[in-house]
$ cat structure29.pdb   # PDB, C-alpha atoms
ATOM      1  CA  MET A   1      82.795  83.476 117.073
ATOM      2  CA  THR A   2      84.143  85.158 120.206
ATOM      3  CA  VAL A   3      87.109  87.444 120.706
ATOM      4  CA  ARG A   4      88.738  84.643 122.719
ATOM      5  CA  GLU A   5      88.397  82.172 119.832
ATOM      6  CA  ILE A   6      89.959  84.622 117.381
ATOM      7  CA  THR A   7      92.726  85.398 119.869
ATOM      8  CA  ASP A   8      93.514  81.726 120.407
ATOM      9  CA  ARG A   9      93.383  80.737 116.745
ATOM     10  CA  LEU A  10      95.563  83.594 115.565
ATOM     11  CA  GLY A  11      97.902  83.627 118.546
ATOM     12  CA  LEU A  12      97.148  87.237 119.397
ATOM     13  CA  ARG A  13      98.516  88.891 122.526
ATOM     14  CA  VAL A  14      96.012  90.189 125.090
ATOM     15  CA  PHE A  15      97.215  93.562 126.382
ATOM     16  CA  SER A  16      94.115  94.523 128.364
ATOM     17  CA  GLY A  17      90.351  94.196 128.640
ATOM     18  CA  ALA A  18      90.473  90.441 129.262
ATOM     19  CA  SER A  19      87.005  90.542 130.830
ATOM     20  CA  GLY A  20      85.633  91.104 127.308
ATOM     21  CA  LEU A  21      87.205  88.070 125.657
ATOM     22  CA  ASP A  22      83.853  86.293 125.490
ATOM     23  CA  ARG A  23      82.237  89.066 123.453
ATOM     24  CA  GLU A  24      80.701  87.913 120.190
ATOM     25  CA  VAL A  25      82.374  89.175 117.019
ATOM     26  CA  THR A  26      79.977  90.066 114.213
ATOM     27  CA  GLY A  27      82.433  91.519 111.724
ATOM     28  CA  GLY A  28      85.563  93.532 111.278
ATOM     29  CA  TYR A  29      86.712  96.997 110.348
ATOM     30  CA  VAL A  30      90.131  98.192 109.194
ATOM     31  CA  SER A  31      91.137 101.839 109.399
ATOM     32  CA  ASP A  32      93.648 104.109 111.072
ATOM     33  CA  LEU A  33      91.452 107.174 110.734
ATOM     34  CA  LEU A  34      89.365 107.617 113.888
ATOM     35  CA  SER A  35      86.591 109.582 112.187
ATOM     36  CA  ASP A  36      86.224 106.820 109.602
ATOM     37  CA  VAL A  37      85.805 104.175 112.299
ATOM     38  CA  MET A  38      83.391 106.408 114.200
ATOM     39  CA  GLY A  39      81.280 106.856 111.085
ATOM     40  CA  PHE A  40      81.265 103.370 109.632
ATOM     41  CA  ALA A  41      82.333 100.590 112.026
ATOM     42  CA  ARG A  42      79.479  98.441 113.288
ATOM     43  CA  GLU A  43      78.732  97.269 116.784
ATOM     44  CA  GLY A  44      80.405  93.946 117.575
ATOM     45  CA  SER A  45      83.210  94.414 115.060
ATOM     46  CA  VAL A  46      86.897  93.810 115.619
ATOM     47  CA  TRP A  47      88.825  96.945 114.709
ATOM     48  CA  VAL A  48      92.275  96.409 113.166
ATOM     49  CA  THR A  49      94.556  99.445 113.438
ATOM     50  CA  LEU A  50      98.071 100.670 114.128
ATOM     51  CA  GLN A  51      96.821 103.438 116.429
ATOM     52  CA  THR A  52      97.900 102.932 120.050
ATOM     53  CA  HIS A  53      96.568 105.937 121.991
ATOM     54  CA  LYS A  54      93.649 106.463 124.385
ATOM     55  CA  ASN A  55      91.356 107.924 121.714
ATOM     56  CA  VAL A  56      91.155 104.467 120.132
ATOM     57  CA  MET A  57      89.281 103.298 123.213
ATOM     58  CA  ALA A  58      86.958 106.304 123.103
ATOM     59  CA  ILE A  59      85.862 105.230 119.612
ATOM     60  CA  ALA A  60      85.729 101.520 120.525
ATOM     61  CA  THR A  61      83.488 102.331 123.488
ATOM     62  CA  LEU A  62      81.263 104.706 121.508
ATOM     63  CA  LYS A  63      80.732 102.104 118.776
ATOM     64  CA  ASP A  64      80.537  99.137 121.216
ATOM     65  CA  LEU A  65      83.198  97.254 119.300
ATOM     66  CA  ALA A  66      84.111  93.705 120.315
ATOM     67  CA  ALA A  67      87.881  94.328 120.374
ATOM     68  CA  VAL A  68      90.741  96.389 119.002
ATOM     69  CA  VAL A  69      93.700  94.638 117.372
ATOM     70  CA  ILE A  70      96.926  96.600 117.065
ATOM     71  CA  VAL A  71      99.216  95.390 114.273
ATOM     72  CA  LYS A  72     102.945  95.448 113.424
ATOM     73  CA  GLY A  73     104.068  94.512 116.932
ATOM     74  CA  LEU A  74     103.022  97.875 118.319
ATOM     75  CA  GLU A  75     101.748  98.148 121.897
ATOM     76  CA  PRO A  76      98.965 100.302 123.345
ATOM     77  CA  GLU A  77      99.761 103.257 125.555
ATOM     78  CA  GLU A  78      99.090 102.770 129.265
ATOM     79  CA  ASP A  79      96.059 105.082 129.376
ATOM     80  CA  ALA A  80      94.466 103.113 126.509
ATOM     81  CA  ARG A  81      94.996  99.895 128.467
ATOM     82  CA  GLU A  82      93.311 101.428 131.508
ATOM     83  CA  VAL A  83      90.188 102.367 129.538
ATOM     84  CA  SER A  84      90.189  98.933 127.902
ATOM     85  CA  ASP A  85      90.125  97.285 131.317
ATOM     86  CA  GLU A  86      87.402  99.640 132.575
ATOM     87  CA  GLU A  87      85.174  99.083 129.538
ATOM     88  CA  GLY A  88      85.864  95.371 129.055
ATOM     89  CA  ILE A  89      86.852  95.869 125.424
ATOM     90  CA  PRO A  90      90.023  93.884 124.731
ATOM     91  CA  ILE A  91      93.073  95.404 123.128
ATOM     92  CA  LEU A  92      94.950  92.661 121.313
ATOM     93  CA  GLY A  93      98.279  92.658 119.542
ATOM     94  CA  ALA A  94      99.601  91.041 116.384
ATOM     95  CA  GLY A  95     102.986  91.043 114.699
ATOM     96  CA  GLU A  96     101.506  90.917 111.207
ATOM     97  CA  GLN A  97     100.864  93.783 108.855
ATOM     98  CA  THR A  98      97.293  95.062 108.630
ATOM     99  CA  PHE A  99      96.569  93.429 105.271
ATOM    100  CA  GLU A 100      97.655  89.983 106.420
ATOM    101  CA  LEU A 101      95.822  90.100 109.737
ATOM    102  CA  ALA A 102      92.619  91.421 108.208
ATOM    103  CA  GLY A 103      92.607  88.510 105.774
ATOM    104  CA  GLU A 104      93.116  85.999 108.580
ATOM    105  CA  ILE A 105      90.282  87.484 110.626
ATOM    106  CA  TYR A 106      88.021  87.593 107.585
ATOM    107  CA  ASN A 107      88.668  83.923 106.854
ATOM    108  CA  LEU A 108      87.948  82.929 110.442
ATOM    109  CA  LEU A 109      84.672  84.838 110.525
ATOM    110  CA  ARG A 110      83.597  83.528 107.137
ATOM    111  CA  ASN A 111      84.692  79.907 107.466
ATOM    112  CA  GLY A 112      84.788  79.354 111.238
TER     113      GLY A 112
END

$ encode --input "structure29.pdb" --output "structure tokens"
Amino acid sequence: MTVREITDRLGLRVFSGASGLDREVTGGYVSDLLSDVMGFAREGSVWVTLQTHKNVMAIATLKDLAAVVIVKGLEPEEDAREVSDEEGIPILGAGEQTFELAGEIYNLLRNG
């Protein structure tokens, strides 16, 4: 499943990094602790977080994540959007809480 398919099916907002919407998603990771994501997220994962700053994109780039999804209606800071566009790693937005969104993504990846 691609980032675009997840975005369309869940009605997520694309803030930046639209050139990466056709990336394949191989899994997901949920954490707001950057060191945790750096240590344990896997390449191709969608990262669900409430963090909005530029360092999120540093981790997403380092781990070659498929996308970052920011929850609770929060929006990424401008410098994070710039890096997202440069790296082609989408930053997406959702109004849901982390728990709800993670479950929806899990179901999509598991059941198509």

$ closest_residue --input "structure29.pdb" --among "A:Gly28, A:Gly95, A:Pro90, A:Gly11" --to "Leu50 of chain A" --atoms "only C-alpha atoms"
A:Gly95

$ atom_distance --input "structure29.pdb" --atom1 "atom CA of Arg42 of chain A" --atom2 "atom CA of Glu78 of chain A"
25.7 Å

$ residues_near_point --input "structure29.pdb" --point "(93.4, 103.4, 106.5)" --cutoff "12 Å" --atoms "all atoms listed in the file" --output "list in words"
Tyr29, Val30, Ser31, Asp32, Leu33, Leu34, Ser35, Asp36, Val37, Trp47, Val48, Thr49, Leu50, Gln51, Thr98 and Phe99 of chain A

$ closest_residue --input "structure29.pdb" --among "A:Pro76, A:Gly93, A:Gly112, A:Gly88" --to "Ala18 of chain A" --atoms "all atoms listed in the file"
A:Gly88

$ residues_around --input "structure29.pdb" --residues "Leu101 of chain A" --least-positions-apart "2" --cutoff "10 Å" --atoms "all atoms listed in the file" --output "ChimeraX atom specification"
/A:10,30,48,69-72,94-99,103-107

$ resolve_selection --input "structure29.pdb" --expression "the PyMOL selection byres ((chain A and resi 45) around 6)" --output "PyMOL selection string"
chain A and resi 25-28+42-44+46+65-66

$ closest_residue --input "structure29.pdb" --among "A:Ile89, A:Val14, A:Ala80, A:Ala41" --to "Thr61 of chain A" --atoms "all atoms listed in the file"
A:Ile89

$ atom_distance --input "structure29.pdb" --atom1 "atom CA of Gly20 of chain A" --atom2 "atom CA of Asp85 of chain A"
8.6 Å

$ atom_distance --input "structure29.pdb" --atom1 "atom CA of Phe15 of chain A" --atom2 "atom CA of Asn111 of chain A"
26.5 Å

$ closest_residue --input "structure29.pdb" --among "A:Leu62, A:Ile91, A:Met57, A:Ala67" --to "Val3 of chain A" --atoms "all atoms listed in the file"
A:Ala67

$ closest_residue --input "structure29.pdb" --among "A:Leu21, A:Leu12, A:Val56, A:Ile6" --to "Met38 of chain A" --atoms "only C-alpha atoms"
A:Val56

$ closest_residue --input "structure29.pdb" --among "A:Met1, A:Leu109, A:Ala58, A:Ala102" --to "Glu82 of chain A" --atoms "only C-alpha atoms"
A:Ala58

$ residues_around --input "structure29.pdb" --residues "Arg4 of chain A" --least-positions-apart "2" --cutoff "8 Å" --atoms "only C-alpha atoms" --output "MDAnalysis selection string"
chainID A and resid 2 6:8 21:23

$ axis_aligned_box --input "structure29.pdb" --around "segment 26-38 of chain A" --padding-each-side "4 Å" --output "lines of an AutoDock Vina configuration file"
center_x = 86.8
center_y = 99.8
center_z = 111.7
size_x = 21.7
size_y = 27.5
size_z = 13.0
